[in-house]
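Containing TSV, C-alpha atoms: work_32.tsv.
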```
chain	number	residue	atom	x	y	z
U	1	MET	CA	-20.90	44.18	-67.31
U	2	LYS	CA	-18.78	41.06	-67.58
U	3	LEU	CA	-15.00	41.53	-67.36
U	4	ILE	CA	-12.17	39.02	-67.31
U	5	ILE	CA	-10.23	40.01	-64.21
U	6	ASN	CA	-7.03	38.12	-63.48
U	7	GLY	CA	-8.19	35.34	-65.76
U	8	LYS	CA	-11.63	34.95	-64.15
U	9	GLU	CA	-14.93	36.23	-65.46
U	10	ARG	CA	-16.62	38.63	-63.04
U	11	ASP	CA	-19.81	40.57	-63.24
U	12	MET	CA	-19.04	44.14	-62.20
U	13	ARG	CA	-22.07	46.26	-61.50
U	14	SER	CA	-20.84	49.79	-61.06
U	15	SER	CA	-17.47	49.93	-62.78
U	16	ARG	CA	-17.44	52.15	-65.83
U	17	THR	CA	-13.78	53.12	-65.44
U	18	LEU	CA	-10.64	51.63	-63.89
U	19	THR	CA	-10.99	53.98	-60.91
U	20	GLU	CA	-14.47	52.61	-60.24
U	21	LEU	CA	-13.23	49.06	-60.69
U	22	VAL	CA	-10.57	49.59	-58.03
U	23	GLN	CA	-13.29	50.84	-55.68
U	24	GLU	CA	-15.73	48.05	-56.46
U	25	LEU	CA	-13.04	45.39	-55.94
U	26	GLU	CA	-11.91	47.12	-52.73
U	27	ILE	CA	-8.25	46.98	-53.67
U	28	THR	CA	-6.22	48.36	-50.80
U	29	ALA	CA	-2.73	47.00	-51.59
U	30	PRO	CA	-0.16	49.78	-51.12
U	31	HIS	CA	1.42	49.05	-54.48
U	32	PHE	CA	-0.52	47.57	-57.33
U	33	ALA	CA	-0.71	48.07	-61.08
U	34	MET	CA	-3.20	47.33	-63.80
U	35	ALA	CA	-3.12	46.32	-67.43
U	36	LEU	CA	-6.12	46.54	-69.72
U	37	ASN	CA	-6.12	44.20	-72.69
U	38	GLN	CA	-2.35	43.68	-72.30
U	39	GLN	CA	-1.58	47.40	-72.09
U	40	VAL	CA	-0.13	48.75	-68.85
U	41	ILE	CA	-2.21	51.74	-67.74
U	42	PRO	CA	-0.59	54.53	-65.70
U	43	LYS	CA	-2.44	55.35	-62.45
U	44	SER	CA	-3.05	58.89	-63.66
U	45	GLN	CA	-5.23	57.52	-66.46
U	46	TYR	CA	-7.46	55.21	-64.39
U	47	SER	CA	-10.34	57.66	-64.20
U	48	ASP	CA	-10.27	58.32	-67.96
U	49	THR	CA	-9.97	54.68	-68.93
U	50	ALA	CA	-13.42	53.36	-69.79
U	51	LEU	CA	-14.28	49.67	-69.55
U	52	LYS	CA	-16.39	47.67	-71.96
U	53	GLU	CA	-17.93	44.21	-71.98
U	54	GLY	CA	-15.33	41.42	-72.19
U	55	ASP	CA	-12.30	43.59	-71.37
U	56	LYS	CA	-9.36	41.73	-69.92
U	57	VAL	CA	-7.97	43.34	-66.78
U	58	GLU	CA	-4.82	42.26	-64.95
U	59	ILE	CA	-4.30	43.56	-61.43
U	60	VAL	CA	-0.92	42.73	-59.91
U	61	HIS	CA	1.14	43.51	-56.86
U	62	ALA	CA	4.46	42.52	-55.30
U	63	VAL	CA	4.67	39.12	-53.64
U	64	GLY	CA	7.47	37.20	-51.97
U	65	GLY	CA	9.82	35.73	-54.52
U	66	GLY	CA	13.45	35.51	-55.39
U	67	VAL	CA	14.68	33.77	-58.43
R	1	MET	CA	53.17	52.05	-33.32
R	2	GLY	CA	50.04	53.89	-32.38
R	3	ASN	CA	48.47	53.75	-35.84
R	4	THR	CA	44.73	53.25	-35.66
R	5	ILE	CA	43.27	50.37	-37.55
R	6	THR	CA	41.31	51.79	-40.45
R	7	SER	CA	41.45	49.18	-43.17
R	8	THR	CA	38.16	47.52	-42.28
R	9	GLU	CA	36.42	50.87	-41.91
R	10	LYS	CA	37.18	51.69	-45.53
R	11	LYS	CA	35.08	48.83	-46.79
R	12	SER	CA	34.28	49.43	-50.43
R	13	ASN	CA	30.71	50.00	-51.56
R	14	LEU	CA	28.73	48.32	-54.31
R	15	LYS	CA	27.63	50.72	-57.02
R	16	ILE	CA	24.86	49.56	-59.34
R	17	GLY	CA	23.53	52.03	-61.89
R	18	ASP	CA	22.76	55.27	-60.05
R	19	LYS	CA	22.69	53.70	-56.58
R	20	THR	CA	25.38	52.85	-54.04
R	21	PHE	CA	25.04	50.16	-51.39
R	22	LYS	CA	27.08	49.21	-48.34
R	23	SER	CA	25.83	45.64	-48.32
R	24	ARG	CA	26.85	43.29	-51.10
R	25	LEU	CA	24.10	40.82	-50.30
R	26	ILE	CA	20.82	41.00	-52.21
R	27	VAL	CA	18.03	38.81	-50.90
R	28	GLY	CA	14.78	37.36	-52.16
R	29	THR	CA	11.49	37.32	-50.30
R	30	GLY	CA	10.09	33.94	-51.31
R	31	LYS	CA	9.64	30.66	-49.44
R	32	TYR	CA	9.49	32.10	-45.92
R	33	ALA	CA	6.97	30.79	-43.39
R	34	SER	CA	5.45	34.23	-42.77
R	35	PHE	CA	5.82	37.91	-43.58
R	36	ASP	CA	7.28	38.36	-40.09
R	37	GLU	CA	9.99	35.79	-40.74
R	38	THR	CA	10.70	37.43	-44.11
R	39	ARG	CA	11.11	40.82	-42.49
R	40	MET	CA	13.36	39.56	-39.71
R	41	ALA	CA	15.57	37.48	-41.99
R	42	ILE	CA	16.06	40.43	-44.32
R	43	GLU	CA	16.86	42.75	-41.43
R	44	ILE	CA	19.43	40.33	-40.05
R	45	SER	CA	21.01	39.77	-43.48
R	46	GLY	CA	21.82	43.47	-43.68
R	47	ALA	CA	20.63	43.51	-47.31
R	48	GLU	CA	19.65	46.85	-48.80
R	49	VAL	CA	18.31	45.49	-52.08
R	50	VAL	CA	15.36	43.13	-51.89
R	51	THR	CA	13.88	41.29	-54.82
R	52	VAL	CA	10.14	40.67	-55.10
R	53	ALA	CA	7.98	38.86	-57.63
R	54	VAL	CA	4.99	40.42	-59.40
R	55	ARG	CA	1.78	38.41	-59.39
R	56	ARG	CA	-1.97	38.77	-59.73
R	57	ILE	CA	-3.71	40.09	-56.62
R	58	GLU	CA	-5.92	37.43	-55.08
R	59	LEU	CA	-9.19	39.29	-55.08
R	60	ASP	CA	-11.17	36.94	-52.88
R	61	THR	CA	-8.69	36.30	-50.08
R	62	SER	CA	-6.40	38.28	-47.81
R	63	LYS	CA	-5.20	41.50	-49.36
R	64	ASP	CA	-2.09	41.72	-47.20
R	65	SER	CA	1.10	42.43	-49.10
R	66	ILE	CA	4.77	41.79	-48.50
R	67	LEU	CA	5.26	45.52	-48.96
R	68	ASN	CA	3.24	46.18	-45.81
R	69	HIS	CA	6.11	44.50	-43.97
R	70	LEU	CA	9.18	46.05	-45.62
R	71	ASP	CA	10.03	49.71	-45.16
R	72	PRO	CA	10.45	51.29	-48.61
R	73	LYS	CA	12.75	53.94	-47.10
R	74	ARG	CA	15.11	51.26	-45.95
R	75	TYR	CA	15.19	49.02	-49.02
R	76	THR	CA	15.62	49.32	-52.74
R	77	PHE	CA	13.14	46.98	-54.36
R	78	LEU	CA	14.23	44.84	-57.25
R	79	PRO	CA	11.09	43.45	-58.88
R	80	ASN	CA	11.88	40.33	-60.85
R	81	THR	CA	10.30	38.62	-63.81
R	82	ALA	CA	10.53	35.14	-62.30
R	83	GLY	CA	8.14	32.78	-64.02
R	84	CYS	CA	8.26	34.61	-67.35
R	85	TYR	CA	8.95	32.45	-70.37
R	86	ASN	CA	9.01	35.06	-73.12
R	87	VAL	CA	10.13	38.61	-73.88
R	88	LYS	CA	6.65	40.13	-73.85
R	89	GLU	CA	5.76	38.75	-70.42
R	90	ALA	CA	9.06	39.92	-68.97
R	91	VAL	CA	8.79	43.44	-70.39
R	92	MET	CA	5.19	43.85	-69.31
R	93	THR	CA	5.95	42.54	-65.81
R	94	CYS	CA	8.65	45.19	-65.41
R	95	GLN	CA	6.33	47.91	-66.68
R	96	LEU	CA	3.65	46.81	-64.21
R	97	ALA	CA	6.20	46.80	-61.39
R	98	ARG	CA	7.26	50.34	-62.21
R	99	GLU	CA	3.64	51.45	-62.40
R	100	ALA	CA	3.06	49.81	-59.01
R	101	GLY	CA	5.68	52.14	-57.57
R	102	LEU	CA	8.49	49.63	-57.19
R	103	GLY	CA	11.06	51.81	-58.96
R	104	ASN	CA	13.04	51.25	-62.12
R	105	PHE	CA	15.55	48.64	-60.94
R	106	VAL	CA	14.49	45.32	-62.43
R	107	LYS	CA	15.82	41.82	-62.38
R	108	VAL	CA	15.13	40.41	-65.82
R	109	GLU	CA	14.69	36.72	-65.92
R	110	VAL	CA	13.31	34.83	-68.91
R	111	ILE	CA	13.21	31.15	-68.18
R	112	GLY	CA	14.04	28.80	-71.04
R	113	ASP	CA	13.73	25.41	-69.40
R	114	GLU	CA	11.33	24.33	-66.70
R	115	LYS	CA	13.42	21.55	-65.19
R	116	THR	CA	16.67	23.45	-64.73
R	117	LEU	CA	15.17	26.96	-64.69
R	118	PHE	CA	18.07	27.95	-66.89
R	119	PRO	CA	17.49	31.27	-68.60
R	120	ASP	CA	16.64	31.75	-72.26
R	121	ASN	CA	19.68	33.92	-72.93
R	122	GLU	CA	18.55	35.12	-76.34
R	123	ALA	CA	15.19	36.29	-74.95
R	124	THR	CA	16.91	37.78	-71.89
R	125	LEU	CA	19.13	39.91	-74.12
R	126	GLU	CA	16.18	41.03	-76.22
R	127	ALA	CA	14.05	41.90	-73.17
R	128	SER	CA	17.01	43.74	-71.62
R	129	LYS	CA	17.44	45.91	-74.72
R	130	LEU	CA	13.75	46.84	-74.76
R	131	LEU	CA	13.74	47.65	-71.06
R	132	VAL	CA	16.93	49.74	-71.19
R	133	ALA	CA	15.33	51.75	-74.01
R	134	ASP	CA	12.26	52.19	-71.80
R	135	GLY	CA	14.34	53.75	-69.01
R	136	PHE	CA	14.82	50.78	-66.71
R	137	GLN	CA	18.01	49.91	-64.87
R	138	VAL	CA	18.32	46.28	-65.86
R	139	LEU	CA	20.00	43.50	-63.90
R	140	PRO	CA	19.69	40.33	-65.99
R	141	TYR	CA	19.82	36.79	-64.62
R	142	CYS	CA	21.92	34.81	-67.11
R	143	THR	CA	24.18	31.83	-67.51
R	144	ASP	CA	27.88	32.16	-66.68
R	145	ASP	CA	28.81	32.87	-70.29
R	146	VAL	CA	31.40	35.55	-70.90
R	147	VAL	CA	30.23	36.42	-74.43
R	148	LEU	CA	26.64	36.80	-73.31
R	149	CYS	CA	27.60	38.94	-70.30
R	150	LYS	CA	29.58	41.24	-72.60
R	151	LYS	CA	26.54	41.57	-74.88
R	152	LEU	CA	24.31	42.35	-71.90
R	153	GLU	CA	26.74	45.03	-70.77
R	154	ASP	CA	26.85	46.48	-74.29
R	155	ALA	CA	23.04	46.51	-74.27
R	156	GLY	CA	23.17	48.92	-71.35
R	157	CYS	CA	22.50	46.62	-68.39
R	158	VAL	CA	23.74	48.11	-65.09
R	159	ALA	CA	24.97	44.72	-63.85
R	160	VAL	CA	25.15	41.13	-65.01
R	161	MET	CA	23.89	38.33	-62.80
R	162	PRO	CA	25.27	34.96	-63.85
R	163	LEU	CA	24.04	31.92	-61.96
R	164	ALA	CA	26.47	29.90	-59.84
R	165	ALA	CA	24.34	26.76	-60.17
R	166	PRO	CA	20.66	26.08	-60.92
R	167	ILE	CA	18.13	28.13	-58.93
R	168	GLY	CA	17.46	26.61	-55.52
R	169	SER	CA	20.02	23.82	-56.08
R	170	GLY	CA	22.43	24.89	-53.35
R	171	LEU	CA	25.35	23.46	-55.33
R	172	GLY	CA	27.59	26.51	-54.95
R	173	ILE	CA	29.82	27.92	-57.68
R	174	ARG	CA	30.16	25.20	-60.32
R	175	ASN	CA	32.51	27.09	-62.59
R	176	PRO	CA	34.63	29.69	-60.82
R	177	TYR	CA	36.82	30.03	-63.91
R	178	ASN	CA	33.90	31.28	-65.99
R	179	ILE	CA	33.05	33.80	-63.28
R	180	LYS	CA	36.68	35.02	-63.33
R	181	LEU	CA	36.54	35.45	-67.11
R	182	ILE	CA	33.32	37.42	-66.82
R	183	LEU	CA	34.92	39.63	-64.16
R	184	GLU	CA	37.75	40.39	-66.57
R	185	ALA	CA	35.43	41.05	-69.50
R	186	VAL	CA	32.86	43.46	-68.09
R	187	GLN	CA	33.05	46.77	-66.21
R	188	VAL	CA	29.57	46.59	-64.65
R	189	PRO	CA	29.17	44.73	-61.35
R	190	VAL	CA	28.97	40.96	-61.59
R	191	ILE	CA	26.42	39.63	-59.13
R	192	ILE	CA	26.13	35.91	-58.58
R	193	ASP	CA	22.45	35.06	-58.78
R	194	ALA	CA	21.27	31.66	-57.64
R	195	GLY	CA	22.88	28.41	-56.65
R	196	VAL	CA	24.46	29.26	-53.30
R	197	GLY	CA	23.83	26.66	-50.58
R	198	THR	CA	25.67	27.72	-47.48
R	199	ALA	CA	28.02	30.33	-46.03
R	200	SER	CA	31.23	28.90	-47.51
R	201	ASP	CA	29.67	29.05	-51.01
R	202	ALA	CA	28.96	32.73	-50.46
R	203	SER	CA	32.49	33.43	-49.20
R	204	ARG	CA	34.05	31.58	-52.11
R	205	ALA	CA	31.99	33.56	-54.58
R	206	MET	CA	32.97	36.84	-52.95
R	207	GLU	CA	36.64	35.81	-52.84
R	208	LEU	CA	36.58	35.67	-56.64
R	209	GLY	CA	35.94	39.39	-56.60
R	210	VAL	CA	32.31	39.50	-57.65
R	211	GLY	CA	30.40	42.65	-56.77
R	212	GLY	CA	27.69	40.90	-54.84
R	213	LEU	CA	25.48	37.92	-54.33
R	214	LEU	CA	21.74	37.40	-54.73
R	215	MET	CA	20.13	34.58	-52.81
R	216	ASN	CA	16.79	33.43	-51.51
R	217	THR	CA	16.42	29.69	-50.98
R	218	ALA	CA	19.73	29.30	-49.13
R	219	ILE	CA	18.35	31.51	-46.36
R	220	ALA	CA	14.61	30.88	-46.52
R	221	GLY	CA	15.04	27.12	-46.89
R	222	ALA	CA	17.54	26.69	-44.02
R	223	LYS	CA	16.33	24.97	-40.84
R	224	ASP	CA	16.82	28.27	-39.04
R	225	PRO	CA	16.46	31.05	-41.64
R	226	LEU	CA	17.35	33.81	-39.19
R	227	LYS	CA	20.65	32.18	-38.23
R	228	MET	CA	21.44	31.53	-41.89
R	229	ALA	CA	20.70	35.17	-42.70
R	230	GLN	CA	23.35	36.15	-40.15
R	231	ALA	CA	25.75	33.51	-41.51
R	232	MET	CA	25.34	34.82	-45.06
R	233	LYS	CA	25.85	38.42	-43.98
R	234	LEU	CA	29.15	37.47	-42.34
R	235	ALA	CA	30.18	35.19	-45.20
R	236	VAL	CA	29.63	37.87	-47.83
R	237	GLU	CA	31.51	40.43	-45.75
R	238	SER	CA	34.43	38.13	-44.95
R	239	GLY	CA	34.66	36.86	-48.51
R	240	ARG	CA	34.82	40.41	-49.81
R	241	LEU	CA	37.42	41.43	-47.22
R	242	ALA	CA	39.54	38.40	-48.13
R	243	TYR	CA	39.32	39.36	-51.81
R	244	GLU	CA	40.36	42.92	-51.06
R	245	ALA	CA	43.12	41.72	-48.72
R	246	GLY	CA	44.52	39.40	-51.40
R	247	ARG	CA	45.06	35.76	-50.54
R	248	ILE	CA	48.47	34.05	-50.47
R	249	PRO	CA	49.35	31.88	-53.45
R	250	ARG	CA	48.68	28.17	-53.22
R	251	LYS	CA	51.85	26.12	-52.82
R	252	LEU	CA	52.47	22.41	-52.77
R	253	TYR	CA	55.07	22.42	-50.00
R	254	ALA	CA	55.29	23.93	-46.55
R	255	SER	CA	56.77	27.32	-45.93
R	256	ALA	CA	57.66	28.02	-42.30
R	257	SER	CA	56.26	31.10	-40.70
R	258	SER	CA	58.75	31.09	-37.78
R	259	PRO	CA	62.35	32.31	-38.24
R	260	LEU	CA	64.80	29.60	-39.33
R	261	GLU	CA	67.65	31.32	-37.46
R	262	GLY	CA	68.25	31.23	-33.71
R	263	LEU	CA	67.16	27.65	-33.16
R	264	ILE	CA	68.52	26.00	-30.01
R	265	ASP	CA	71.35	23.55	-30.65
R	266	ILE	CA	70.98	20.22	-28.90
```

Encoding of this model in structure tokens:
Amino acid sequence: MKLIINGKERDMRSSRTLTELVQELEITAPHFAMALNQQVIPKSQYSDTALKEGDKVEIVHAVGGGV
Amino acid sequence: MGNTITSTEKKSNLKIGDKTFKSRLIVGTGKYASFDETRMAIEISGAEVVTVAVRRIELDTSKDSILNHLDPKRYTFLPNTAGCYNVKEAVMTCQLAREAGLGNFVKVEVIGDEKTLFPDNEATLEASKLLVADGFQVLPYCTDDVVLCKKLEDAGCVAVMPLAAPIGSGLGIRNPYNIKLILEAVQVPVIIDAGVGTASDASRAMELGVGGLLMNTAIAGAKDPLKMAQAMKLAVESGRLAYEAGRIPRKLYASASSPLEGLIDI
């Protein structure tokens, strides 16, 4: 299934939900968050949030920055 | 005689929203050479509030994060919306930050002009209203405009953060009179955000009576960031103490500090 993840198209083989996507991408950042098609998804809903072809996923975390 | 000196022990705290801080210096985490340097500079600065940006995770490279290097028990994180140019981006960035576990303190920043990085005040006010309604404690970066700061306070912001000078410019406070007017107009803490270049700029800002100071480039961009972190810590503390102590009025002519009586007669 092709997804647009952080602006780049990726072919994800085993990700039917956001939980599986996190596993397949091996995201280990202590604090990260995801938005699906411009909607912020709470962590508690990752396993219930199904993905479909062409979905746009944003995965963000904290980086150094000031103003 | 015999009285103990207590005045400096009773240093006042900075209260923002539901939190109280001993340090009046808020620091950014950008532009450092390494995560180690970031951590050390922040430790030396004594800051308790640390601002971070929110960006896409780089999926193909190192997955290390600034948050692996800063103890969340020690610091209150202040995720910012730096780089956002509209209300929607700013609001969503804050929501993502909260979902990422960074808390509900947010520095709202909606940039209106790329060259000066001056804020889009109208969009900042709108984003602030939406975020306050969504349960955030909002600290907006804004221009040093008294009417705007009043509106931001009325919108429920827990502080206002007027700039001293353009971001990263190091020009120091360009309009201390505007800052004084803002201090008179609002009850929430006024935190100078951006524009400080060196320690004397920080002291001068604090001497005006502002609640605190947010800086990043002045420390991270110094030749020796760790020394500058120490300098800024001292400058913010001494500036605040001088404000609380109350300076003498400026006068054109001299006024002797030794007694005029009892002079020898030659």

Select all residues from chain R having any atom no more than 6 Å from an atom of chain U (counting only C-alpha atoms, ignoring ligands), output as a list in words.
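Written out as asked, the residues are Gly28, Thr29, Gly30, Thr51, Val52, Ala53, Val54, Arg55, Arg56, Ile57, Ile66, Ala82, Leu96, Glu99, Ala100 and Asn216 of chain R.
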
Coordinates-based distance that separates atom CA of Leu214 of chain R from atom CA of Cys94 of chain R (Å, one decimal):
18.6 Å

Centre, x/y/z edge lengths, axis-aligned box for segment 176-187 of chain R with 3 Å per side, as AutoDock Vina command-line options:
```
--center_x 35.3 --center_y 38.2 --center_z -65.2 --size_x 10.9 --size_y 23.1 --size_z 14.7
```

Separation of atom CA of Thr143 of chain R and atom CA of Ile16 of chain R, in Å?
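Going from atom CA of Thr143 of chain R over to atom CA of Ile16 of chain R, I get 19.5 Å.
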
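Of the residues listed (R:Asn86, R:Asp201, R:Ala164, R:Ile26), R:Ile26 shows the shortest atom-to-atom separation from Leu139 of chain R; distances use only C-alpha atoms.
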
State, in Å with one decimal place, the distance from atom CA of Gly17 of chain R to atom CA of Ala47 of chain R.
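Separation between atom CA of Gly17 of chain R and atom CA of Ala47 of chain R: 17.1 Å.
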
Counting only C-alpha atoms, which residues have an atom no more than 12 Å from (25.3, 48.5, -65.0) in the file's coordinates? Please list them as a PDB file with C-alpha atoms, in the frame of the given file.
```pdb
ATOM      1  CA  LEU R  14      28.730  48.320 -54.310  1.00  0.00           C
ATOM      2  CA  LYS R  15      27.630  50.720 -57.020  1.00  0.00           C
ATOM      3  CA  ILE R  16      24.860  49.560 -59.340  1.00  0.00           C
ATOM      4  CA  GLY R  17      23.530  52.030 -61.890  1.00  0.00           C
ATOM      5  CA  ASP R  18      22.760  55.270 -60.050  1.00  0.00           C
ATOM      6  CA  LYS R  19      22.690  53.700 -56.580  1.00  0.00           C
ATOM      7  CA  THR R  20      25.380  52.850 -54.040  1.00  0.00           C
ATOM      8  CA  PHE R 105      15.550  48.640 -60.940  1.00  0.00           C
ATOM      9  CA  VAL R 106      14.490  45.320 -62.430  1.00  0.00           C
ATOM     10  CA  LYS R 107      15.820  41.820 -62.380  1.00  0.00           C
ATOM     11  CA  SER R 128      17.010  43.740 -71.620  1.00  0.00           C
ATOM     12  CA  VAL R 132      16.930  49.740 -71.190  1.00  0.00           C
ATOM     13  CA  PHE R 136      14.820  50.780 -66.710  1.00  0.00           C
ATOM     14  CA  GLN R 137      18.010  49.910 -64.870  1.00  0.00           C
ATOM     15  CA  VAL R 138      18.320  46.280 -65.860  1.00  0.00           C
ATOM     16  CA  LEU R 139      20.000  43.500 -63.900  1.00  0.00           C
ATOM     17  CA  PRO R 140      19.690  40.330 -65.990  1.00  0.00           C
ATOM     18  CA  CYS R 149      27.600  38.940 -70.300  1.00  0.00           C
ATOM     19  CA  LYS R 150      29.580  41.240 -72.600  1.00  0.00           C
ATOM     20  CA  LEU R 152      24.310  42.350 -71.900  1.00  0.00           C
ATOM     21  CA  GLU R 153      26.740  45.030 -70.770  1.00  0.00           C
ATOM     22  CA  ASP R 154      26.850  46.480 -74.290  1.00  0.00           C
ATOM     23  CA  ALA R 155      23.040  46.510 -74.270  1.00  0.00           C
ATOM     24  CA  GLY R 156      23.170  48.920 -71.350  1.00  0.00           C
ATOM     25  CA  CYS R 157      22.500  46.620 -68.390  1.00  0.00           C
ATOM     26  CA  VAL R 158      23.740  48.110 -65.090  1.00  0.00           C
ATOM     27  CA  ALA R 159      24.970  44.720 -63.850  1.00  0.00           C
ATOM     28  CA  VAL R 160      25.150  41.130 -65.010  1.00  0.00           C
ATOM     29  CA  MET R 161      23.890  38.330 -62.800  1.00  0.00           C
ATOM     30  CA  VAL R 186      32.860  43.460 -68.090  1.00  0.00           C
ATOM     31  CA  GLN R 187      33.050  46.770 -66.210  1.00  0.00           C
ATOM     32  CA  VAL R 188      29.570  46.590 -64.650  1.00  0.00           C
ATOM     33  CA  PRO R 189      29.170  44.730 -61.350  1.00  0.00           C
ATOM     34  CA  VAL R 190      28.970  40.960 -61.590  1.00  0.00           C
ATOM     35  CA  ILE R 191      26.420  39.630 -59.130  1.00  0.00           C
ATOM     36  CA  GLY R 211      30.400  42.650 -56.770  1.00  0.00           C
TER      37      GLY R 211
END
```

Contacts of Lys233 of chain R at 6 Å or less, counting only C-alpha atoms, minus same-chain residues fewer than 3 places along, as a short mmCIF file (atom, residue, chain, number, x, y, z; two decimals) with C-alpha atoms, keeping the file's coordinate frame?
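Done, and the output landed in result11.cif:
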```cif
data_model
loop_
_atom_site.label_atom_id
_atom_site.label_comp_id
_atom_site.auth_asym_id
_atom_site.auth_seq_id
_atom_site.Cartn_x
_atom_site.Cartn_y
_atom_site.Cartn_z
CA SER R 45 21.01 39.77 -43.48
CA GLN R 230 23.35 36.15 -40.15
CA VAL R 236 29.63 37.87 -47.83
#
```

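In terms of minimum interatomic distance to Met215 of chain R, R:Ala194 ranks closest within R:Ala235, R:Val146, R:Ala194, R:Ala254, counting all atoms listed in the file.
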
Can you tell me, as a list of chain:residue names, what residues are no more than 6 Å from Met1 of chain U when counting all atoms listed in the file, ignoring any on the same chain fewer than 3 positions away?
U:Asp11, U:Met12, U:Glu53

So, counting all atoms listed in the file, which residue among R:Gly246, R:Pro79, R:Gly168, R:Pro225 is closest to Leu102 of chain R?
R:Pro79

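With all atoms listed in the file taken into account, the protein and nucleic acid residues at most 9 Å from segment 13-18 of chain U (excluding it and anything under 3 positions from it in its own chain) are Met1, Lys2, Leu21, Val22, Gln23, Glu24, Met34, Leu36, Gln45, Tyr46, Ser47, Asp48, Thr49, Ala50, Leu51 and Lys52 of chain U.
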
Take segment 16-21 of chain U, bring it up to all heavy atoms, and give me the output as a PDB file, in the frame of the given file.
```pdb
ATOM      1  N   ARG U  16     -17.515  51.666 -64.449  1.00  0.00           N
ATOM      2  CA  ARG U  16     -17.440  52.150 -65.830  1.00  0.00           C
ATOM      3  C   ARG U  16     -16.008  52.517 -66.205  1.00  0.00           C
ATOM      4  O   ARG U  16     -15.648  52.572 -67.367  1.00  0.00           O
ATOM      5  CB  ARG U  16     -18.362  53.352 -66.013  1.00  0.00           C
ATOM      6  CG  ARG U  16     -19.852  52.986 -66.034  1.00  0.00           C
ATOM      7  CD  ARG U  16     -20.695  54.200 -65.737  1.00  0.00           C
ATOM      8  NE  ARG U  16     -20.328  54.744 -64.437  1.00  0.00           N
ATOM      9  CZ  ARG U  16     -20.771  55.882 -63.940  1.00  0.00           C
ATOM     10  NH1 ARG U  16     -21.573  56.642 -64.648  1.00  0.00           N
ATOM     11  NH2 ARG U  16     -20.405  56.289 -62.743  1.00  0.00           N
ATOM     12  N   THR U  17     -15.192  52.794 -65.187  1.00  0.00           N
ATOM     13  CA  THR U  17     -13.780  53.120 -65.440  1.00  0.00           C
ATOM     14  C   THR U  17     -12.890  52.287 -64.522  1.00  0.00           C
ATOM     15  O   THR U  17     -13.379  51.614 -63.606  1.00  0.00           O
ATOM     16  CB  THR U  17     -13.487  54.605 -65.131  1.00  0.00           C
ATOM     17  OG1 THR U  17     -13.689  54.792 -63.723  1.00  0.00           O
ATOM     18  CG2 THR U  17     -14.395  55.543 -65.912  1.00  0.00           C
ATOM     19  N   LEU U  18     -11.574  52.377 -64.751  1.00  0.00           N
ATOM     20  CA  LEU U  18     -10.640  51.630 -63.890  1.00  0.00           C
ATOM     21  C   LEU U  18     -10.700  52.134 -62.453  1.00  0.00           C
ATOM     22  O   LEU U  18     -10.597  51.348 -61.520  1.00  0.00           O
ATOM     23  CB  LEU U  18      -9.214  51.738 -64.439  1.00  0.00           C
ATOM     24  CG  LEU U  18      -8.896  50.862 -65.670  1.00  0.00           C
ATOM     25  CD1 LEU U  18      -7.439  51.044 -66.082  1.00  0.00           C
ATOM     26  CD2 LEU U  18      -9.169  49.381 -65.395  1.00  0.00           C
ATOM     27  N   THR U  19     -10.887  53.423 -62.273  1.00  0.00           N
ATOM     28  CA  THR U  19     -10.990  53.980 -60.910  1.00  0.00           C
ATOM     29  C   THR U  19     -12.159  53.323 -60.170  1.00  0.00           C
ATOM     30  O   THR U  19     -12.030  52.903 -59.017  1.00  0.00           O
ATOM     31  CB  THR U  19     -11.210  55.502 -60.959  1.00  0.00           C
ATOM     32  OG1 THR U  19     -10.090  56.083 -61.643  1.00  0.00           O
ATOM     33  CG2 THR U  19     -11.311  56.098 -59.565  1.00  0.00           C
ATOM     34  N   GLU U  20     -13.291  53.208 -60.871  1.00  0.00           N
ATOM     35  CA  GLU U  20     -14.470  52.610 -60.240  1.00  0.00           C
ATOM     36  C   GLU U  20     -14.273  51.120 -59.993  1.00  0.00           C
ATOM     37  O   GLU U  20     -14.769  50.571 -59.007  1.00  0.00           O
ATOM     38  CB  GLU U  20     -15.709  52.873 -61.103  1.00  0.00           C
ATOM     39  CG  GLU U  20     -16.125  54.348 -61.059  1.00  0.00           C
ATOM     40  CD  GLU U  20     -17.235  54.714 -62.042  1.00  0.00           C
ATOM     41  OE1 GLU U  20     -17.700  53.836 -62.808  1.00  0.00           O
ATOM     42  OE2 GLU U  20     -17.630  55.885 -62.033  1.00  0.00           O
ATOM     43  N   LEU U  21     -13.510  50.488 -60.870  1.00  0.00           N
ATOM     44  CA  LEU U  21     -13.230  49.060 -60.690  1.00  0.00           C
ATOM     45  C   LEU U  21     -12.401  48.835 -59.425  1.00  0.00           C
ATOM     46  O   LEU U  21     -12.662  47.908 -58.650  1.00  0.00           O
ATOM     47  CB  LEU U  21     -12.502  48.512 -61.928  1.00  0.00           C
ATOM     48  CG  LEU U  21     -12.203  47.012 -61.889  1.00  0.00           C
ATOM     49  CD1 LEU U  21     -13.486  46.187 -61.917  1.00  0.00           C
ATOM     50  CD2 LEU U  21     -11.301  46.599 -63.045  1.00  0.00           C
TER      51      LEU U  21
END
```
